[in-house]
$ cat my_file04.txt   # compact mmCIF, C-alpha atoms and all ligand atoms
# COMPACT_ATOMS: atom_id res chain seq x y z
CA MET A 14 -139.14 70.68 1.10
CA GLU A 15 -135.63 69.93 2.17
CA LEU A 16 -132.95 72.32 1.04
CA PRO A 17 -129.23 72.68 1.80
CA ASN A 18 -128.39 75.47 4.28
CA LEU A 19 -125.33 76.54 2.37
CA ILE A 20 -123.94 76.01 -1.13
CA ILE A 21 -120.46 77.26 -1.98
CA ILE A 22 -119.02 76.90 -5.47
CA GLY A 23 -115.62 78.41 -6.15
CA ARG A 24 -111.89 77.93 -6.24
CA SER A 25 -109.26 77.21 -3.55
CA LEU A 26 -111.88 76.31 -0.99
CA ILE A 27 -109.90 74.14 1.47
CA GLY A 28 -110.13 76.78 4.20
CA LYS A 29 -113.82 77.24 3.45
CA VAL A 30 -114.52 73.49 3.82
CA ALA A 31 -112.93 73.60 7.29
CA GLU A 32 -114.95 76.67 8.27
CA VAL A 33 -118.24 75.15 7.11
CA ALA A 34 -117.42 71.81 8.81
CA LEU A 35 -116.85 73.57 12.14
CA THR A 36 -120.18 75.42 11.83
CA ALA A 37 -121.96 72.16 10.93
CA SER A 38 -120.50 70.26 13.90
CA SER A 39 -121.05 73.06 16.47
CA GLY A 40 -117.57 72.45 17.86
CA GLN A 41 -117.99 68.67 18.30
CA PRO A 42 -115.61 66.12 16.72
CA ILE A 43 -115.95 65.57 12.97
CA LEU A 44 -115.94 62.30 11.03
CA ILE A 45 -114.29 62.75 7.65
CA ILE A 46 -115.18 60.11 5.02
CA VAL A 47 -112.91 60.01 1.98
CA GLY A 48 -112.21 57.92 -1.08
CA LYS A 49 -108.80 56.43 -1.82
CA THR A 50 -107.74 58.89 -4.50
CA SER A 51 -109.45 61.89 -3.00
CA TYR A 52 -107.62 61.31 0.28
CA SER A 53 -104.21 61.44 -1.28
CA ILE A 54 -104.95 64.57 -3.27
CA TYR A 55 -107.47 66.76 -1.55
CA GLY A 56 -108.87 65.02 1.53
CA ARG A 57 -105.54 65.12 3.31
CA SER A 58 -105.24 68.91 3.04
CA VAL A 59 -108.85 69.40 4.17
CA SER A 60 -108.40 66.96 7.09
CA GLU A 61 -105.23 68.69 8.27
CA THR A 62 -106.88 72.10 8.12
CA ILE A 63 -109.87 70.87 10.17
CA ALA A 64 -107.62 68.95 12.59
CA ASN A 65 -105.92 72.23 13.53
CA LYS A 66 -109.22 73.45 14.95
CA THR A 67 -111.07 70.41 16.34
CA SER A 68 -110.67 66.65 16.82
CA ILE A 69 -111.34 64.49 13.78
CA GLU A 70 -111.43 60.89 12.70
CA VAL A 71 -110.77 59.94 9.08
CA HIS A 72 -112.39 56.90 7.48
CA GLN A 73 -111.35 55.76 4.01
CA VAL A 74 -114.01 54.04 1.86
CA GLU A 75 -112.74 50.78 0.38
CA SER A 76 -115.59 48.28 0.00
CA ASP A 77 -119.21 48.32 -1.17
CA ILE A 78 -121.88 50.59 0.29
CA SER A 79 -123.56 48.13 2.70
CA GLN A 80 -120.23 46.98 4.15
CA GLU A 81 -119.12 50.58 4.51
CA LEU A 82 -122.35 51.52 6.31
CA GLU A 83 -121.68 48.72 8.84
CA ILE A 84 -118.14 49.96 9.50
CA ILE A 85 -119.25 53.59 9.86
CA ARG A 86 -122.11 52.59 12.19
CA LYS A 87 -119.47 51.12 14.53
CA ILE A 88 -117.32 54.24 14.34
CA LEU A 89 -120.35 56.43 15.08
CA SER A 90 -121.42 54.28 18.05
CA LYS A 91 -118.01 54.56 19.74
CA ASN A 92 -117.63 58.34 19.57
CA LYS A 93 -119.96 61.29 19.49
CA PHE A 94 -119.59 63.31 16.27
CA GLY A 95 -121.20 66.64 15.44
CA ALA A 96 -121.01 66.22 11.66
CA ILE A 97 -119.77 64.14 8.77
CA VAL A 98 -117.69 65.63 5.97
CA GLY A 99 -117.79 63.44 2.83
CA ILE A 100 -115.00 64.18 0.35
CA GLY A 101 -114.91 62.24 -2.92
CA GLY A 102 -116.93 60.78 -5.78
CA GLY A 103 -120.40 59.25 -5.95
CA LYS A 104 -119.84 56.31 -3.59
CA VAL A 105 -118.17 58.40 -0.88
CA ILE A 106 -120.94 61.01 -0.99
CA ASP A 107 -123.62 58.26 -0.93
CA VAL A 108 -122.05 56.47 2.05
CA SER A 109 -121.65 59.80 3.87
CA LYS A 110 -125.23 60.83 3.11
CA ALA A 111 -126.71 57.54 4.31
CA SER A 112 -124.56 57.54 7.48
CA ALA A 113 -125.37 61.14 8.40
CA HIS A 114 -129.08 60.44 7.82
CA GLU A 115 -129.03 57.35 10.05
CA ALA A 116 -127.08 59.07 12.81
CA GLY A 117 -129.21 62.23 12.57
CA ILE A 118 -126.17 64.48 12.19
CA ARG A 119 -125.26 67.09 9.60
CA LEU A 120 -123.42 66.34 6.38
CA VAL A 121 -121.03 68.56 4.50
CA SER A 122 -120.82 67.22 0.92
CA VAL A 123 -117.50 67.96 -0.81
CA PRO A 124 -117.63 66.44 -4.32
CA THR A 125 -114.32 65.93 -6.12
CA ILE A 126 -115.94 64.91 -9.42
CA ALA A 127 -119.12 66.15 -11.13
CA SER A 128 -120.36 62.86 -12.59
CA HIS A 129 -124.02 62.89 -11.40
CA ASP A 130 -126.61 64.88 -9.48
CA GLY A 131 -126.17 63.02 -6.17
CA ILE A 132 -123.84 65.83 -5.03
CA ALA A 133 -126.74 67.77 -3.60
CA SER A 134 -129.75 65.45 -3.62
CA PRO A 135 -131.50 63.78 -0.68
CA MET A 136 -131.28 60.40 -2.52
CA VAL A 137 -128.77 57.58 -1.97
CA SER A 138 -127.94 54.88 -4.54
CA MET A 139 -127.81 51.50 -2.82
CA VAL A 140 -127.26 47.93 -3.96
CA ASP A 141 -129.27 45.03 -2.54
CA SER A 142 -128.17 41.50 -3.54
CA GLY A 143 -126.64 42.87 -6.72
CA GLN A 144 -129.69 45.00 -7.57
CA PRO A 145 -129.21 48.77 -7.55
CA TYR A 146 -131.98 50.97 -6.10
CA SER A 147 -132.21 54.45 -4.60
CA ARG A 148 -133.65 55.50 -1.26
CA MET A 149 -134.42 58.78 0.47
CA ALA A 150 -131.92 60.20 2.98
CA SER A 151 -131.48 63.79 4.15
CA MET A 152 -130.35 66.73 2.09
CA PRO A 153 -126.72 67.67 2.87
CA PHE A 154 -126.45 70.54 5.37
CA ALA A 155 -123.87 72.16 3.10
CA ILE A 156 -122.26 71.55 -0.28
CA VAL A 157 -118.80 72.90 -0.96
CA ALA A 158 -117.74 72.34 -4.58
CA ASP A 159 -114.15 73.29 -5.31
CA VAL A 160 -113.96 73.79 -9.08
CA ASP A 161 -110.13 73.59 -8.92
CA VAL A 162 -110.43 69.95 -7.80
CA ILE A 163 -113.35 69.00 -10.07
CA GLU A 164 -111.47 70.41 -13.05
CA LYS A 165 -108.50 68.10 -12.44
CA ALA A 166 -110.61 64.92 -12.74
CA PRO A 167 -110.74 63.13 -16.14
CA HIS A 168 -113.19 64.69 -18.64
CA ARG A 169 -115.23 61.47 -18.70
CA TYR A 170 -116.73 62.30 -15.27
CA LEU A 171 -117.84 65.81 -16.23
CA ALA A 172 -119.28 64.44 -19.49
CA SER A 173 -121.19 61.83 -17.47
CA GLY A 174 -122.57 64.61 -15.24
CA CYS A 175 -123.87 66.28 -18.42
CA GLY A 176 -125.55 63.00 -19.44
CA ASP A 177 -127.35 62.97 -16.08
CA LEU A 178 -128.43 66.57 -16.75
CA VAL A 179 -129.77 66.21 -20.30
CA ALA A 180 -131.84 63.35 -18.80
CA LYS A 181 -134.02 65.98 -17.05
CA TYR A 182 -135.37 66.84 -20.53
CA THR A 183 -137.27 63.55 -20.78
CA ALA A 184 -137.69 63.06 -17.00
CA VAL A 185 -139.87 66.18 -16.84
CA LYS A 186 -141.83 65.09 -19.94
CA ASP A 187 -142.48 61.72 -18.26
CA TRP A 188 -143.64 63.42 -15.09
CA LYS A 189 -146.04 65.67 -17.03
CA LEU A 190 -147.36 62.65 -18.92
CA SER A 191 -147.97 60.77 -15.69
CA HIS A 192 -149.78 63.80 -14.25
CA LYS A 193 -152.07 63.82 -17.29
CA ILE A 194 -152.74 60.09 -17.33
CA THR A 195 -152.57 58.94 -13.71
CA GLY A 196 -153.33 62.23 -11.96
CA GLU A 197 -150.02 62.10 -10.10
CA TYR A 198 -148.99 65.38 -8.43
CA PHE A 199 -146.89 67.56 -10.74
CA GLY A 200 -144.69 70.21 -9.14
CA ASP A 201 -144.34 73.01 -11.64
CA TYR A 202 -141.52 74.73 -9.78
CA SER A 203 -139.27 71.70 -9.23
CA ALA A 204 -140.00 70.51 -12.78
CA SER A 205 -138.98 73.89 -14.21
CA LEU A 206 -135.78 73.88 -12.16
CA ALA A 207 -134.86 70.38 -13.38
CA TYR A 208 -135.78 71.25 -16.98
CA MET A 209 -133.64 74.37 -16.78
CA SER A 210 -130.60 72.33 -15.78
CA ALA A 211 -130.95 70.27 -18.99
CA GLU A 212 -131.52 73.42 -21.06
CA ILE A 213 -128.35 75.06 -19.72
CA ILE A 214 -126.33 72.00 -20.84
CA PHE A 215 -127.82 72.18 -24.36
CA ARG A 216 -126.85 75.84 -24.56
CA ASN A 217 -123.32 75.38 -23.23
CA ALA A 218 -122.45 72.03 -24.83
CA LYS A 219 -119.70 73.37 -27.09
CA LYS A 220 -118.02 75.33 -24.28
CA ILE A 221 -118.16 72.29 -22.01
CA GLY A 222 -116.58 70.17 -24.74
CA LYS A 223 -113.74 72.69 -24.91
CA ARG A 224 -113.51 72.60 -21.10
CA ARG A 225 -113.88 76.35 -20.71
CA HIS A 226 -113.43 77.32 -17.04
CA ASP A 227 -116.79 79.02 -16.66
CA SER A 228 -118.61 76.09 -18.27
CA ILE A 229 -117.28 73.61 -15.69
CA ARG A 230 -118.76 75.79 -13.00
CA THR A 231 -122.03 75.87 -14.94
CA VAL A 232 -122.19 72.04 -14.92
CA VAL A 233 -121.58 71.96 -11.16
CA GLU A 234 -124.29 74.58 -10.59
CA ALA A 235 -126.73 72.64 -12.78
CA LEU A 236 -126.04 69.37 -10.91
CA ILE A 237 -126.66 71.11 -7.59
CA SER A 238 -129.86 72.74 -8.94
CA ALA A 239 -131.10 69.31 -10.04
CA GLY A 240 -130.44 68.00 -6.51
CA VAL A 241 -132.34 70.97 -5.08
CA ALA A 242 -135.24 70.21 -7.48
CA MET A 243 -135.46 66.75 -5.86
CA GLY A 244 -135.38 68.37 -2.42
CA ILE A 245 -138.30 70.61 -3.40
CA ALA A 246 -140.31 67.74 -4.92
CA GLY A 247 -139.48 65.42 -2.01
CA SER A 248 -138.56 62.66 -4.49
CA SER A 249 -136.34 62.04 -7.52
CA ARG A 250 -139.36 62.52 -9.85
CA PRO A 251 -138.25 65.78 -11.56
CA CYS A 252 -134.84 64.31 -12.37
CA SER A 253 -135.48 60.67 -13.15
CA GLY A 254 -137.88 59.28 -15.75
CA SER A 255 -137.90 56.57 -18.44
CA GLU A 256 -134.24 57.29 -19.37
CA HIS A 257 -133.19 56.54 -15.78
CA LEU A 258 -135.20 53.30 -15.78
CA ILE A 259 -133.24 52.18 -18.86
CA SER A 260 -130.00 53.22 -17.15
CA HIS A 261 -130.96 51.15 -14.06
CA ALA A 262 -131.87 48.18 -16.27
CA LEU A 263 -128.44 48.40 -17.95
CA GLY A 264 -126.89 48.46 -14.48
CA ARG A 265 -128.60 45.14 -13.76
CA LEU A 266 -127.72 43.51 -17.08
CA ILE A 267 -124.06 44.49 -17.34
CA GLU A 268 -121.49 43.48 -14.76
CA ASP A 269 -119.21 46.47 -15.20
CA PRO A 270 -121.58 49.05 -16.74
CA PRO A 271 -120.71 52.47 -18.16
CA LEU A 272 -121.11 55.44 -15.76
CA HIS A 273 -124.63 56.33 -14.60
CA GLY A 274 -124.68 59.64 -16.50
CA GLU A 275 -123.27 58.06 -19.67
CA ARG A 276 -126.11 55.49 -19.68
CA CYS A 277 -128.71 58.18 -18.94
CA GLY A 278 -127.45 60.44 -21.75
CA VAL A 279 -127.79 57.85 -24.52
CA SER A 280 -131.13 56.65 -23.13
CA THR A 281 -132.40 60.25 -23.18
CA VAL A 282 -131.86 60.44 -26.96
CA LEU A 283 -134.10 57.38 -27.43
CA MET A 284 -136.76 58.53 -24.96
CA ALA A 285 -136.83 61.99 -26.59
CA LEU A 286 -137.59 60.23 -29.87
CA LEU A 287 -140.38 58.27 -28.18
CA HIS A 288 -141.80 61.51 -26.77
CA LYS A 289 -141.60 62.99 -30.31
CA ALA A 290 -139.32 65.66 -28.85
CA ALA A 291 -136.01 67.18 -30.02
CA TRP A 292 -133.84 64.04 -29.84
CA ARG A 293 -131.30 65.46 -32.32
CA ARG A 294 -130.66 68.33 -29.93
CA VAL A 295 -129.89 65.88 -27.12
CA LYS A 296 -127.64 63.78 -29.34
CA SER A 297 -125.68 66.71 -30.74
CA ALA A 298 -125.20 68.20 -27.23
CA LEU A 299 -123.77 64.88 -25.97
CA SER A 300 -121.50 64.67 -28.98
CA SER A 301 -120.21 68.28 -28.56
CA ILE A 302 -119.55 67.61 -24.88
CA GLY A 303 -117.57 64.47 -25.65
CA ALA A 304 -120.05 62.18 -23.85
CA PRO A 305 -121.15 58.88 -25.47
CA SER A 306 -123.87 59.69 -28.03
CA ASP A 307 -124.56 56.22 -29.48
CA LEU A 308 -124.36 52.56 -28.45
CA SER A 309 -120.83 51.94 -29.69
CA GLU A 310 -119.48 54.99 -27.85
CA LEU A 311 -121.37 53.81 -24.78
CA GLY A 312 -119.82 50.38 -25.17
CA VAL A 313 -123.12 48.48 -24.97
CA ASP A 314 -124.21 45.97 -27.64
CA GLU A 315 -127.61 46.40 -29.30
CA GLN A 316 -129.15 43.20 -27.89
CA THR A 317 -128.38 44.20 -24.29
CA PHE A 318 -129.69 47.73 -24.81
CA VAL A 319 -132.90 46.44 -26.42
CA LYS A 320 -133.41 44.09 -23.48
CA ALA A 321 -132.85 46.96 -21.03
CA VAL A 322 -135.48 49.17 -22.72
CA VAL A 323 -138.06 46.35 -22.69
CA MET A 324 -137.48 45.52 -19.01
CA ALA A 325 -137.19 49.18 -17.88
CA PRO A 326 -140.89 49.84 -17.06
CA ASP A 327 -140.95 46.81 -14.73
CA ILE A 328 -138.07 48.19 -12.66
CA ARG A 329 -140.45 50.77 -11.18
CA PRO A 330 -144.06 49.96 -12.10
CA ASP A 331 -145.15 52.79 -9.77
CA ARG A 332 -143.24 55.47 -11.71
CA TYR A 333 -145.37 56.01 -14.80
CA THR A 334 -143.42 57.06 -17.92
CA ILE A 335 -143.76 56.94 -21.71
CA LEU A 336 -142.39 53.37 -21.55
CA HIS A 337 -145.32 52.33 -19.33
CA LYS A 338 -147.72 53.94 -21.77
CA LEU A 339 -146.30 52.51 -25.01
CA ARG A 340 -144.58 49.30 -23.82
CA PRO A 341 -142.33 48.99 -26.93
CA THR A 342 -141.42 45.46 -28.03
CA GLU A 343 -137.90 44.34 -28.95
CA SER A 344 -138.51 44.99 -32.63
CA ASP A 345 -140.00 48.45 -31.86
CA VAL A 346 -136.86 49.32 -29.91
CA ARG A 347 -134.61 48.12 -32.75
CA ARG A 348 -136.50 50.34 -35.17
CA MET A 349 -136.27 53.30 -32.79
CA LEU A 350 -132.52 52.79 -32.32
CA LYS A 351 -132.07 53.02 -36.07
CA GLU A 352 -134.27 56.08 -36.36
CA ALA A 353 -132.35 57.88 -33.60
CA GLU A 354 -129.05 56.88 -35.22
CA LEU A 355 -127.98 55.14 -32.04
CA GLY A 356 -127.32 51.59 -33.27
ZN ZN B 401 -129.25 60.39 -12.36

$ encode --input "my_file04.txt" --output "structure tokens"
Amino acid sequence: MELPNLIIIGRSLIGKVAEVALTASSGQPILIIVGKTSYSIYGRSVSETIANKTSIEVHQVESDISQELEIIRKILSKNKFGAIVGIGGGKVIDVSKASAHEAGIRLVSVPTIASHDGIASPMVSMVDSGQPYSRMASMPFAIVADVDVIEKAPHRYLASGCGDLVAKYTAVKDWKLSHKITGEYFGDYSASLAYMSAEIIFRNAKKIGKRRHDSIRTVVEALISAGVAMGIAGSSRPCSGSEHLISHALGRLIEDPPLHGERCGVSTVLMALLHKAAWRRVKSALSSIGAPSDLSELGVDEQTFVKAVVMAPDIRPDRYTILHKLRPTESDVRRMLKEAELG
């Protein structure tokens, strides 16, 4: 099991980020990795606060992940750093996670949006010759989530984070199914933790849709718990099932796809139907939250979505799900889309 040493969720945490960064680096210089927008708003204040106490270098992420990793490798080979502080959205956190893992130094993850569960997971989303895939890295040493900053981001990101969370509903069902059919190990504890993070979104959907302060914090906590569930399981299994395979397939088929969590949310409705589970509950939660809850809201045409569902099981033949068991054909998927009121 790999777990974060420290998780802080709260408000006005700039001073706290600096404090945690200094602990993580044991007094050695710190590499701060930021995104373009996060640097102008939040990263600058954090960097200045840390710079008052120790030497820092700031790197701004501008290109794709593999190019960024090359650049950061060079920075890391020239100077000795005690820790990396990644401040930004998904790509910044992924680049920071992969770099810290490679260099064997600690990472302080400071998410500025809550759009998916990568905030606190040991996984990194990569792209290889246009094909997205995820690989294991290390769990962040610390996660500092400043709700003041996350709250300022457009609602679409938070709604996407909720889509990634309701996905745990079918991900856990897929894992259980695989355990029954293939004998794969099933971790009851990590599965329960992941399942709980979907359940909490179902229960709070209306409040999240109204953007109640406490509900934003709840989403952040659930995303971190999902990441921790992956750390306990030692893989993304509790958090990623058939719905994620469809989301990955859509990522391959569409050049500028909807957000990861948006794709996962809509796919979860369909996979819940396939599992003969409470798909209406998933759909109505997404709709209350203000996340896409059908194909037109997702902005994906039916033909592309059908193709994605059919190709999904081949994306990871080793990860057994309901799609591997039933292998629906194009016409099956069309019928299911109608039944789930998605098309
Ligand atoms: Zn996900």

$ atom_distance --input "my_file04.txt" --atom1 "atom CA of Val322 of chain A" --atom2 "atom CA of Ile259 of chain A"
5.4 Å

$ closest_residue --input "my_file04.txt" --among "A:Val137, A:Ile126, A:Ile85, A:Ala298" --to "ligand ZN 401 (chain B)" --atoms "only C-alpha atoms and all ligand atoms"
A:Val137

$ closest_atom_pairs --input "my_file04.txt" --of "segment 71-162 of chain A" --to "segment 231-235 of chain A" --cutoff "12 Å" --atoms "only C-alpha atoms" --output "tab-separated table"
residue	atom	partner	partner_atom	distance
A:Val123	CA	A:Val233	CA	11.8
A:Pro124	CA	A:Val233	CA	9.6
A:Thr125	CA	A:Val233	CA	10.7
A:Ile126	CA	A:Val233	CA	9.2
A:Ala127	CA	A:Val233	CA	6.3
A:Ser128	CA	A:Val233	CA	9.3
A:His129	CA	A:Val233	CA	9.4
A:Asp130	CA	A:Ala235	CA	8.4
A:Gly131	CA	A:Val233	CA	11.2
A:Ile132	CA	A:Val233	CA	9.0
A:Ala133	CA	A:Glu234	CA	10.1
A:Ile156	CA	A:Val233	CA	10.9
A:Val157	CA	A:Val233	CA	10.6
A:Ala158	CA	A:Val233	CA	7.6
A:Asp159	CA	A:Val233	CA	9.5
A:Val160	CA	A:Val233	CA	8.1
A:Asp161	CA	A:Val233	CA	11.8
A:Val162	CA	A:Val233	CA	11.8

$ closest_atom_pairs --input "my_file04.txt" --of "chain A" --to "ligand ZN 401 (chain B)" --cutoff "7 Å" --atoms "all atoms listed in the file" --output "Markdown table"
| residue | atom | partner | partner_atom | distance |
| --- | --- | --- | --- | --- |
| A:His129 | CA | B:ZN401 | ZN | 5.9 |
| A:Asp130 | CA | B:ZN401 | ZN | 6.0 |
| A:Asp177 | CA | B:ZN401 | ZN | 4.9 |
| A:Cys252 | CA | B:ZN401 | ZN | 6.8 |
| A:Ser253 | CA | B:ZN401 | ZN | 6.3 |
| A:His257 | CA | B:ZN401 | ZN | 6.5 |
| A:His273 | CA | B:ZN401 | ZN | 6.5 |
| A:Gly274 | CA | B:ZN401 | ZN | 6.2 |
| A:Cys277 | CA | B:ZN401 | ZN | 7.0 |

$ atom_distance --input "my_file04.txt" --atom1 "atom CA of Pro135 of chain A" --atom2 "atom CA of Pro153 of chain A"
7.1 Å

$ closest_residue --input "my_file04.txt" --among "A:Leu89, A:Leu286, A:Leu26, A:Ile78" --to "Leu44 of chain A" --atoms "all atoms listed in the file"
A:Leu89

$ residues_around --input "my_file04.txt" --residues "segment 33-37 of chain A" --least-positions-apart "2" --cutoff "10 Å" --atoms "only C-alpha atoms" --output "PyMOL selection string"
chain A and resi 18-19+21+28-31+39-45+63+66-67+95-98+118-122+154-157

$ closest_residue --input "my_file04.txt" --among "A:Ala113, A:Arg293, A:Ser173, A:Thr195" --to "Pro271 of chain A" --atoms "only C-alpha atoms"
A:Ser173

$ closest_residue --input "my_file04.txt" --among "A:Lys181, A:Ala111, A:Met14, A:Glu61" --to "Ile27 of chain A" --atoms "only C-alpha atoms"
A:Glu61

$ residues_around --input "my_file04.txt" --residues "segment 301-315 of chain A" --least-positions-apart "3" --cutoff "7 Å" --atoms "all atoms listed in the file" --output "list in words"
Ala172, Ser173, Ala218, Lys219, Ile221, Gly222, Pro271, Glu275, Val279, Lys296, Ser297, Ala298, Phe318, Val319, Leu355 and Gly356 of chain A

$ axis_aligned_box --input "my_file04.txt" --around "segment 162-175 of chain A" --padding-each-side "3 Å" --output "JSON"
{"center_x": -116.2, "center_y": 65.9, "center_z": -13.6, "size_x": 21.4, "size_y": 14.9, "size_z": 17.7}

$ atom_distance --input "my_file04.txt" --atom1 "atom CA of Pro326 of chain A" --atom2 "atom CA of Ser260 of chain A"
11.4 Å

$ residues_around --input "my_file04.txt" --residues "Tyr202 of chain A" --least-positions-apart "6" --cutoff "10 Å" --atoms "only C-alpha atoms" --output "NGL selection string"
:A and (208 or 242 or 245-246 or 251)

$ write_last_selection --input "my_file04.txt" --atoms "C-alpha atoms" --output "PDB file, keeping the file's coordinate frame"
ATOM      1  CA  TYR A 208    -135.780  71.250 -16.980  1.00  0.00           C
ATOM      2  CA  ALA A 242    -135.240  70.210  -7.480  1.00  0.00           C
ATOM      3  CA  ILE A 245    -138.300  70.610  -3.400  1.00  0.00           C
ATOM      4  CA  ALA A 246    -140.310  67.740  -4.920  1.00  0.00           C
ATOM      5  CA  PRO A 251    -138.250  65.780 -11.560  1.00  0.00           C
TER       6      PRO A 251
END

$ closest_residue --input "my_file04.txt" --among "A:Asp327, A:Glu32, A:Glu268, A:Met139" --to "Ala64 of chain A" --atoms "only C-alpha atoms"
A:Glu32

$ residues_around --input "my_file04.txt" --residues "Gly254 of chain A" --least-positions-apart "4" --cutoff "9 Å" --atoms "all atoms listed in the file" --output "JSON, numbers by chain"
{"A": [180, 181, 183, 184, 185, 186, 187, 188, 249, 250, 258, 332, 333, 334, 335]}

$ closest_residue --input "my_file04.txt" --among "A:Ala211, A:Leu263, A:Ile69, A:Met284" --to "Ser38 of chain A" --atoms "only C-alpha atoms"
A:Ile69
